[in-house]
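With compact mmCIF, C-alpha atoms inside, this is protein05.txt:
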```txt
# COMPACT_ATOMS: atom_id res chain seq x y z
CA MET G 1 36.89 16.73 16.21
CA ALA G 2 39.56 19.09 17.62
CA ASP G 3 37.28 21.98 16.65
CA LEU G 4 34.39 20.43 18.50
CA ARG G 5 36.54 20.02 21.60
CA ASP G 6 37.44 23.69 21.39
CA PHE G 7 33.78 24.55 21.19
CA GLU G 8 33.07 22.34 24.20
CA VAL G 9 35.69 24.26 26.19
CA HIS G 10 34.13 27.50 25.01
CA LEU G 11 30.66 26.34 26.05
CA ALA G 12 31.88 25.75 29.58
CA THR G 13 32.75 29.40 29.93
CA CYS G 14 30.18 31.17 27.73
CA GLN G 15 26.66 31.34 29.13
CA GLU G 16 25.13 32.73 25.94
CA CYS G 17 26.43 29.89 23.78
CA ALA G 18 25.57 27.27 26.39
CA GLY G 19 22.04 28.69 26.53
CA GLU G 20 21.84 28.65 22.73
CA LEU G 21 22.81 24.97 22.69
CA ALA G 22 20.34 24.12 25.46
CA ARG G 23 17.51 25.84 23.55
CA TYR G 24 18.50 24.07 20.34
CA ARG G 25 18.42 20.70 22.07
CA GLU G 26 15.13 21.51 23.77
CA VAL G 27 13.53 22.29 20.40
CA VAL G 28 14.82 19.05 18.84
CA SER G 29 13.51 17.09 21.80
CA ALA G 30 10.14 18.87 21.68
CA VAL G 31 9.69 18.04 17.99
CA GLY G 32 10.60 14.44 18.83
CA SER G 33 7.88 14.31 21.47
CA LEU G 34 5.26 15.15 18.83
CA ARG G 35 5.38 11.59 17.54
CA ASP G 36 3.44 10.43 20.60
CA ALA G 37 0.94 13.29 20.45
CA MET G 38 -1.90 12.20 18.19
CA GLU G 39 -4.27 14.36 16.20
CA ASP G 40 -7.86 13.20 15.87
CA PRO G 41 -9.37 13.18 12.39
CA VAL G 42 -13.05 14.00 11.84
CA PRO G 43 -15.25 11.19 13.26
CA GLY G 44 -15.99 8.45 10.75
CA PHE G 45 -12.62 8.76 9.05
CA PRO G 46 -11.65 5.05 9.32
CA GLU G 47 -14.93 4.03 7.65
CA ARG G 48 -14.43 6.59 4.89
CA ALA G 49 -10.85 5.45 4.33
CA VAL G 50 -11.92 1.79 4.03
CA ALA G 51 -14.75 2.72 1.66
CA HIS G 52 -12.35 4.82 -0.45
CA VAL G 53 -9.81 2.01 -0.75
CA LEU G 54 -12.27 -0.79 -1.42
CA GLY G 55 -14.30 1.39 -3.82
CA SER G 56 -11.16 2.30 -5.81
CA GLU G 57 -10.12 -1.32 -5.92
CA ARG G 58 -13.54 -2.47 -7.14
CA ARG G 59 -13.51 0.14 -9.89
CA TRP G 60 -10.00 -0.92 -10.89
CA VAL G 61 -10.89 -4.63 -10.89
CA GLY G 62 -14.08 -3.80 -12.81
CA ARG G 63 -12.10 -1.97 -15.49
CA THR G 64 -9.61 -4.81 -15.73
CA ARG G 65 -12.43 -7.35 -16.12
CA TRP G 66 -14.09 -5.18 -18.72
CA LEU G 67 -10.84 -5.08 -20.67
CA ALA G 68 -10.44 -8.82 -20.33
CA HIS G 69 -13.98 -9.76 -21.39
CA ASP G 70 -15.25 -7.10 -23.76
CA ARG G 71 -15.33 -8.40 -27.37
CA ARG G 72 -14.75 -4.93 -28.85
CA VAL G 73 -11.52 -4.62 -26.85
CA HIS G 74 -10.40 -8.02 -28.17
CA VAL G 75 -11.15 -7.00 -31.76
CA ALA G 76 -9.35 -3.66 -31.32
CA ALA G 77 -6.31 -5.35 -29.73
CA ALA G 78 -6.22 -7.99 -32.49
CA SER G 79 -6.45 -5.27 -35.17
CA VAL G 80 -3.65 -3.22 -33.68
CA GLY G 81 -1.53 -6.34 -33.16
CA GLY G 82 -2.21 -7.55 -36.71
CA ALA G 83 -1.29 -4.14 -38.14
CA ILE G 84 2.00 -4.14 -36.21
CA VAL G 85 2.88 -7.70 -37.32
CA GLY G 86 1.88 -6.90 -40.92
CA ALA G 87 4.01 -3.78 -40.98
CA GLY G 88 6.92 -5.78 -39.55
CA VAL G 89 6.61 -8.49 -42.22
CA LEU G 90 6.36 -5.91 -45.03
CA GLY G 91 9.39 -4.10 -43.66
CA LEU G 92 11.36 -7.35 -43.52
CA LEU G 93 10.43 -8.26 -47.12
CA TRP G 94 11.36 -4.79 -48.34
CA TRP G 95 14.70 -4.97 -46.50
CA ARG G 96 15.53 -8.41 -48.01
CA ALA G 97 14.59 -7.26 -51.49
CA ALA G 98 16.75 -4.19 -51.10
CA ARG G 99 19.70 -6.32 -49.96
CA ARG G 100 19.35 -8.73 -52.92
CA GLY G 101 19.20 -5.81 -55.30
CA LEU G 102 22.35 -4.43 -53.79
CA LEU G 103 24.15 -7.82 -54.11
CA ARG G 104 23.18 -8.17 -57.77
CA THR G 105 24.50 -4.75 -58.48
CA ARG G 106 27.83 -5.65 -56.84
CA VAL G 107 28.10 -8.98 -58.77
CA ALA G 108 27.44 -7.15 -62.04
CA VAL G 109 30.18 -4.69 -61.19
CA MET V 1 1.30 -2.72 17.00
CA VAL V 2 0.11 -4.51 13.88
CA SER V 3 0.47 -8.29 14.03
CA ARG V 4 1.81 -10.47 11.24
CA ASP V 5 -1.41 -12.46 11.35
CA LEU V 6 -3.47 -9.33 10.70
CA LEU V 7 -1.26 -8.44 7.72
CA ASP V 8 -1.60 -11.97 6.32
CA ARG V 9 -5.38 -11.75 6.59
CA CYS V 10 -5.31 -8.40 4.80
CA ARG V 11 -3.18 -9.92 2.04
CA ARG V 12 -5.80 -12.65 1.62
CA GLY V 13 -8.35 -9.91 0.98
CA GLU V 14 -10.33 -10.15 4.22
CA GLN V 15 -12.28 -6.94 4.48
CA ALA V 16 -12.71 -7.22 8.26
CA ALA V 17 -8.94 -7.48 8.66
CA PHE V 18 -8.37 -4.38 6.56
CA GLU V 19 -10.96 -2.48 8.60
CA GLU V 20 -9.13 -3.54 11.76
CA LEU V 21 -5.80 -2.43 10.31
CA VAL V 22 -7.18 1.02 9.47
CA GLU V 23 -8.79 1.29 12.89
CA LEU V 24 -5.45 0.49 14.54
CA THR V 25 -3.33 2.87 12.49
CA HIS V 26 -5.53 5.74 11.27
CA ARG V 27 -4.66 8.25 14.00
CA ARG V 28 -0.93 7.86 13.41
CA VAL V 29 -1.32 8.07 9.64
CA PHE V 30 -3.60 11.09 9.88
CA THR V 31 -1.29 12.83 12.35
CA LEU V 32 1.77 12.48 10.13
CA ALA V 33 -0.23 13.63 7.09
CA TYR V 34 -1.55 16.62 9.01
CA ARG V 35 1.89 17.68 10.21
CA LEU V 36 3.26 17.49 6.70
CA VAL V 37 0.48 19.21 4.73
CA GLY V 38 -0.74 21.49 7.53
CA ASP V 39 -4.45 21.23 6.75
CA ARG V 40 -6.97 18.79 8.24
CA HIS V 41 -9.07 18.23 5.11
CA GLU V 42 -6.05 17.70 2.93
CA ALA V 43 -4.55 15.46 5.58
CA GLU V 44 -7.62 13.23 5.36
CA ASP V 45 -7.24 12.97 1.56
CA VAL V 46 -3.55 12.20 1.98
CA ALA V 47 -4.29 9.51 4.57
CA GLN V 48 -6.86 7.89 2.27
CA ASP V 49 -4.39 7.95 -0.59
CA ALA V 50 -1.76 6.41 1.70
CA TYR V 51 -4.15 3.57 2.62
CA LEU V 52 -4.87 2.90 -1.05
CA ARG V 53 -1.13 2.73 -1.81
CA MET V 54 -0.60 0.53 1.22
CA TYR V 55 -3.42 -1.83 0.17
CA ARG V 56 -2.00 -2.19 -3.32
CA GLY V 57 1.56 -2.63 -2.06
CA LEU V 58 0.79 -5.01 0.78
CA ALA V 59 1.48 -8.12 -1.32
CA GLY V 60 5.01 -6.85 -1.96
CA PHE V 61 5.74 -5.87 1.65
CA ARG V 62 8.46 -8.26 2.80
CA GLY V 63 8.91 -7.02 6.32
CA ASP V 64 12.49 -5.73 5.90
CA SER V 65 11.43 -2.77 8.05
CA SER V 66 8.57 -2.69 10.53
CA PHE V 67 5.09 -2.29 9.09
CA GLU V 68 4.71 1.06 10.87
CA THR V 69 7.91 2.42 9.32
CA TRP V 70 6.74 1.27 5.90
CA LEU V 71 3.33 2.88 6.41
CA TYR V 72 4.95 6.15 7.54
CA ARG V 73 7.06 6.18 4.38
CA ILE V 74 3.99 5.65 2.21
CA THR V 75 2.17 8.43 4.06
CA ALA V 76 5.08 10.84 3.70
CA ASN V 77 5.29 9.97 0.01
CA ALA V 78 1.56 10.62 -0.45
CA ALA V 79 1.88 13.93 1.42
CA VAL V 80 4.84 15.09 -0.67
CA SER V 81 2.96 14.14 -3.87
CA ARG V 82 0.00 16.14 -2.63
CA LEU V 83 2.13 19.20 -1.86
CA ARG V 84 3.62 18.96 -5.32
CA ARG V 85 0.23 18.57 -7.02
CA ARG V 86 -1.28 21.54 -5.29
CA GLY V 87 1.51 23.72 -6.64
CA ARG V 88 3.69 23.69 -3.56
CA PHE V 89 6.46 21.84 -5.36
CA GLY V 90 8.56 24.97 -5.31
CA ASP V 91 7.90 25.36 -1.61
CA ILE V 92 9.19 21.89 -0.90
CA LEU V 93 12.35 22.43 -2.87
CA ASP V 94 13.01 26.05 -1.98
CA ASP V 95 14.51 26.88 1.36
CA PRO V 96 13.67 30.56 1.70
CA ASP V 97 16.14 32.59 3.68
CA ASP V 98 13.76 35.49 4.09
CA ALA V 99 12.88 36.28 7.66
CA VAL V 100 9.72 34.90 9.21
CA ASN V 101 7.84 36.72 11.96
CA VAL V 102 9.59 35.89 15.16
CA PRO V 103 7.83 36.60 18.43
CA ASP V 104 9.41 39.43 20.42
CA GLU V 105 9.11 37.79 23.80
CA ALA V 106 11.20 34.73 24.54
CA SER V 107 9.37 31.80 26.13
CA VAL V 108 10.66 29.86 29.06
CA ASP V 109 11.88 26.26 29.17
CA PRO V 110 10.57 23.67 28.57
CA VAL V 111 8.56 23.93 25.36
CA ASP V 112 5.11 22.37 25.48
CA ARG V 113 3.63 20.42 22.59
CA ASP V 114 1.06 23.00 21.53
CA GLU V 115 3.73 25.65 21.39
CA ILE V 116 6.11 23.54 19.33
CA GLN V 117 3.29 22.51 16.99
CA ARG V 118 2.28 26.14 16.42
CA ALA V 119 5.89 27.08 15.73
CA LEU V 120 6.25 24.10 13.40
CA PHE V 121 3.29 25.27 11.32
CA ALA V 122 4.86 28.75 11.13
CA LEU V 123 7.92 27.29 9.36
CA PRO V 124 8.12 27.31 5.56
CA VAL V 125 6.85 24.01 4.08
CA ALA V 126 10.34 23.06 2.91
CA GLN V 127 11.73 23.25 6.43
CA ARG V 128 8.71 21.81 8.21
CA THR V 129 8.71 18.73 5.97
CA VAL V 130 12.30 17.74 6.73
CA LEU V 131 11.98 18.49 10.42
CA VAL V 132 8.82 16.43 10.90
CA MET V 133 10.28 13.54 8.94
CA ARG V 134 13.63 13.61 10.74
CA ASP V 135 13.04 14.72 14.32
CA ALA V 136 9.47 13.57 14.88
CA TYR V 137 9.38 10.35 12.83
CA GLY V 138 13.02 9.32 12.66
CA PHE V 139 13.38 9.07 8.86
CA SER V 140 17.02 8.68 7.82
CA ILE V 141 18.73 11.48 5.93
CA ARG V 142 18.88 9.20 2.89
CA GLU V 143 15.16 8.43 3.02
CA ILE V 144 14.31 12.14 3.19
CA ALA V 145 16.70 12.92 0.33
CA GLU V 146 15.09 10.22 -1.83
CA GLU V 147 11.59 11.40 -0.97
CA LEU V 148 12.24 15.04 -1.78
CA GLY V 149 14.72 14.56 -4.62
CA LEU V 150 17.53 16.39 -2.80
CA THR V 151 21.11 15.49 -1.98
CA GLU V 152 21.85 14.22 1.52
CA GLY V 153 24.03 17.28 2.14
CA ALA V 154 21.17 19.60 1.21
CA VAL V 155 18.85 17.74 3.58
CA LYS V 156 21.33 18.07 6.48
CA VAL V 157 21.72 21.79 5.89
CA ARG V 158 17.97 22.24 5.67
CA ILE V 159 17.37 20.35 8.91
CA HIS V 160 19.90 22.49 10.72
CA ARG V 161 18.36 25.71 9.37
CA ALA V 162 14.89 24.51 10.25
CA ARG V 163 15.89 23.70 13.84
CA ARG V 164 17.54 27.09 14.27
CA ARG V 165 14.54 28.90 12.84
CA LEU V 166 12.22 26.89 15.06
CA LYS V 167 14.36 27.76 18.07
CA ASP V 168 14.14 31.45 17.13
CA LEU V 169 10.38 31.14 16.73
CA VAL V 170 9.97 29.58 20.14
CA TYR V 171 12.56 31.51 22.17
CA GLY V 172 13.11 34.60 20.08
CA PRO V 173 16.20 35.30 18.00
CA ALA V 174 19.57 34.91 19.69
CA GLU V 175 21.41 38.12 20.48
CA PRO V 176 24.62 38.33 18.46
CA HIS V 177 27.54 38.28 20.86
CA GLY V 178 30.51 37.57 18.64
CA HIS V 179 30.48 33.77 18.89
CA GLU V 180 28.48 32.99 15.76
CA ALA V 181 30.84 30.15 14.79
CA VAL V 182 29.39 28.13 17.64
CA ARG V 183 25.91 28.40 16.13
CA GLU V 184 27.15 26.68 12.98
CA HIS V 185 28.22 23.69 15.05
CA LEU V 186 25.09 23.32 17.15
CA PRO V 187 24.01 20.02 15.51
CA GLU V 188 27.32 18.27 16.26
CA LEU V 189 27.52 19.78 19.73
CA ALA V 190 23.93 18.77 20.51
CA GLU V 191 24.71 15.25 19.34
CA GLU V 192 27.88 15.12 21.46
CA ARG V 193 26.00 16.23 24.56
CA GLY V 194 23.24 13.75 23.76
CA ARG V 195 25.78 10.94 23.80
CA GLY V 196 27.42 12.18 26.94
```

Please rewrite the model in this file as structure tokens.
Amino acid sequence: MADLRDFEVHLATCQECAGELARYREVVSAVGSLRDAMEDPVPGFPERAVAHVLGSERRWVGRTRWLAHDRRVHVAAASVGGAIVGAGVLGLLWWRAARRGLLRTRVAV
Amino acid sequence: MVSRDLLDRCRRGEQAAFEELVELTHRRVFTLAYRLVGDRHEAEDVAQDAYLRMYRGLAGFRGDSSFETWLYRITANAAVSRLRRRGRFGDILDDPDDAVNVPDEASVDPVDRDEIQRALFALPVAQRTVLVMRDAYGFSIREIAEELGLTEGAVKVRIHRARRRLKDLVYGPAEPHGHEAVREHLPELAEERGRG
């Protein structure tokens, strides 16, 4: 903060630096004023935007419904699910058998 | 200003309400998109993308910030995604220090909007993006950092560089006169004066 105070003192006596600061502030303020200055899109833009959103949503909902109601999707999902569960069960059985085998070996020793 | 009632009707899926919402906000959304991507056709695509994201996220909008602020964030996010997709990712992240063409003749105070807009579009994308978000739309440093994947320190430095470059574009480069240290402190000094 002491530095800033020094600069403030300097600004009071140096026209170039004071001008530099004034121009800097003017630019910041001018960019700020852009928020109120609107650009106009091509006519019909709001209608196109609404159509784009609702069209995308309908396609998305349509795909979701298709996934939810199509019998082939159900069969495919059931097959994949069944395969995963089957593999899990086989893995578990193999693991238990391996453990028992290991225990027997230890008892024998 | 978008009313709570209008938002509730949109959430319930009323098409007329959504049309009204777009009608009320489309110029602001398009303007922000245009200032970020710098092209009218792309700005329209960005604005449409922003509306789609807004529509899908409306159910989760809790009103912690104003609806306009939320919509601006979505628009900025859609614009940044667009700039990245079109291969300008490097441009957003890089802050080139190479010189841009600076007009020889200095303009006079004050700066009008057309002039500042032209100068803004002459800035590198990386600098224009942060400046529009910060100085024109009031995004916080943290929000900009999150949006662009930068540190807050990097965003502050970039904003300062962008303002100085914009000033040089509008008024011409400052003549060196041995007090360059002051230039480094222009943001703090400008803020101090603003308070005073």

Query raised in the report: Please, which residues of chain G lie no more than 8 Å from chain V when the count uses all atoms listed in the file, and can they be set out as JSON, numbers by chain?
Result: {"G": [4, 7, 8, 16, 17, 20, 21, 23, 24, 25, 26, 27, 28, 29, 30, 31, 32, 33, 34, 35, 37, 38, 39, 40, 41, 45, 46, 47, 49, 50, 52, 53, 56]}

Report task. Take CA of Ile141 (chain V) and CA of Ala18 (chain G) and report the distance between them in Å, one decimal. Result ->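 So the two atoms, CA of Ile141 (chain V) and CA of Ala18 (chain G), lie 26.7 Å apart.
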
Query - Interatomic distance (Å, one decimal) between CA of Arg86 (chain V) and CA of Val37 (chain V) - result: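 CA of Arg86 (chain V) sits 10.4 Å away from CA of Val37 (chain V).
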
Query raised in the report: What gap, in Å, lies between CA of Ala154 (chain V) and CA of Ala126 (chain V)?
Result: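 Between CA of Ala154 (chain V) and CA of Ala126 (chain V) the gap works out to 11.5 Å.
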
Any chance you could model N, CA and C atoms for region 37-53 of chain V and send them as an mmCIF file, in the coordinates of the input?
```cif
data_model
loop_
_atom_site.group_PDB
_atom_site.id
_atom_site.type_symbol
_atom_site.label_atom_id
_atom_site.label_comp_id
_atom_site.auth_asym_id
_atom_site.auth_seq_id
_atom_site.Cartn_x
_atom_site.Cartn_y
_atom_site.Cartn_z
ATOM 1 N N VAL V 37 1.202 18.307 5.655
ATOM 2 C CA VAL V 37 0.480 19.210 4.730
ATOM 3 C C VAL V 37 -0.116 20.420 5.444
ATOM 4 N N GLY V 38 -0.308 20.330 6.763
ATOM 5 C CA GLY V 38 -0.740 21.490 7.530
ATOM 6 C C GLY V 38 -2.198 21.862 7.379
ATOM 7 N N ASP V 39 -3.028 20.935 6.907
ATOM 8 C CA ASP V 39 -4.450 21.230 6.750
ATOM 9 C C ASP V 39 -5.225 19.927 6.992
ATOM 10 N N ARG V 40 -6.280 20.011 7.824
ATOM 11 C CA ARG V 40 -6.970 18.790 8.240
ATOM 12 C C ARG V 40 -7.684 18.077 7.084
ATOM 13 N N HIS V 41 -8.331 18.861 6.222
ATOM 14 C CA HIS V 41 -9.070 18.230 5.110
ATOM 15 C C HIS V 41 -8.101 17.566 4.131
ATOM 16 N N GLU V 42 -7.041 18.283 3.844
ATOM 17 C CA GLU V 42 -6.050 17.700 2.930
ATOM 18 C C GLU V 42 -5.371 16.495 3.570
ATOM 19 N N ALA V 43 -5.183 16.576 4.880
ATOM 20 C CA ALA V 43 -4.550 15.460 5.580
ATOM 21 C C ALA V 43 -5.406 14.204 5.457
ATOM 22 N N GLU V 44 -6.729 14.384 5.491
ATOM 23 C CA GLU V 44 -7.620 13.230 5.360
ATOM 24 C C GLU V 44 -7.483 12.612 3.957
ATOM 25 N N ASP V 45 -7.422 13.470 2.934
ATOM 26 C CA ASP V 45 -7.240 12.970 1.560
ATOM 27 C C ASP V 45 -5.911 12.228 1.436
ATOM 28 N N VAL V 46 -4.879 12.819 2.039
ATOM 29 C CA VAL V 46 -3.550 12.200 1.980
ATOM 30 C C VAL V 46 -3.571 10.837 2.663
ATOM 31 N N ALA V 47 -4.225 10.776 3.821
ATOM 32 C CA ALA V 47 -4.290 9.510 4.570
ATOM 33 C C ALA V 47 -5.034 8.455 3.757
ATOM 34 N N GLN V 48 -6.111 8.854 3.093
ATOM 35 C CA GLN V 48 -6.860 7.890 2.270
ATOM 36 C C GLN V 48 -6.001 7.397 1.106
ATOM 37 N N ASP V 49 -5.278 8.319 0.512
ATOM 38 C CA ASP V 49 -4.390 7.950 -0.590
ATOM 39 C C ASP V 49 -3.309 6.987 -0.087
ATOM 40 N N ALA V 50 -2.799 7.278 1.117
ATOM 41 C CA ALA V 50 -1.760 6.410 1.700
ATOM 42 C C ALA V 50 -2.312 5.001 1.916
ATOM 43 N N TYR V 51 -3.552 4.908 2.395
ATOM 44 C CA TYR V 51 -4.150 3.570 2.620
ATOM 45 C C TYR V 51 -4.336 2.823 1.304
ATOM 46 N N LEU V 52 -4.693 3.553 0.250
ATOM 47 C CA LEU V 52 -4.870 2.900 -1.050
ATOM 48 C C LEU V 52 -3.528 2.352 -1.545
ATOM 49 N N ARG V 53 -2.471 3.174 -1.394
ATOM 50 C CA ARG V 53 -1.130 2.730 -1.810
ATOM 51 C C ARG V 53 -0.686 1.540 -0.968
#
```
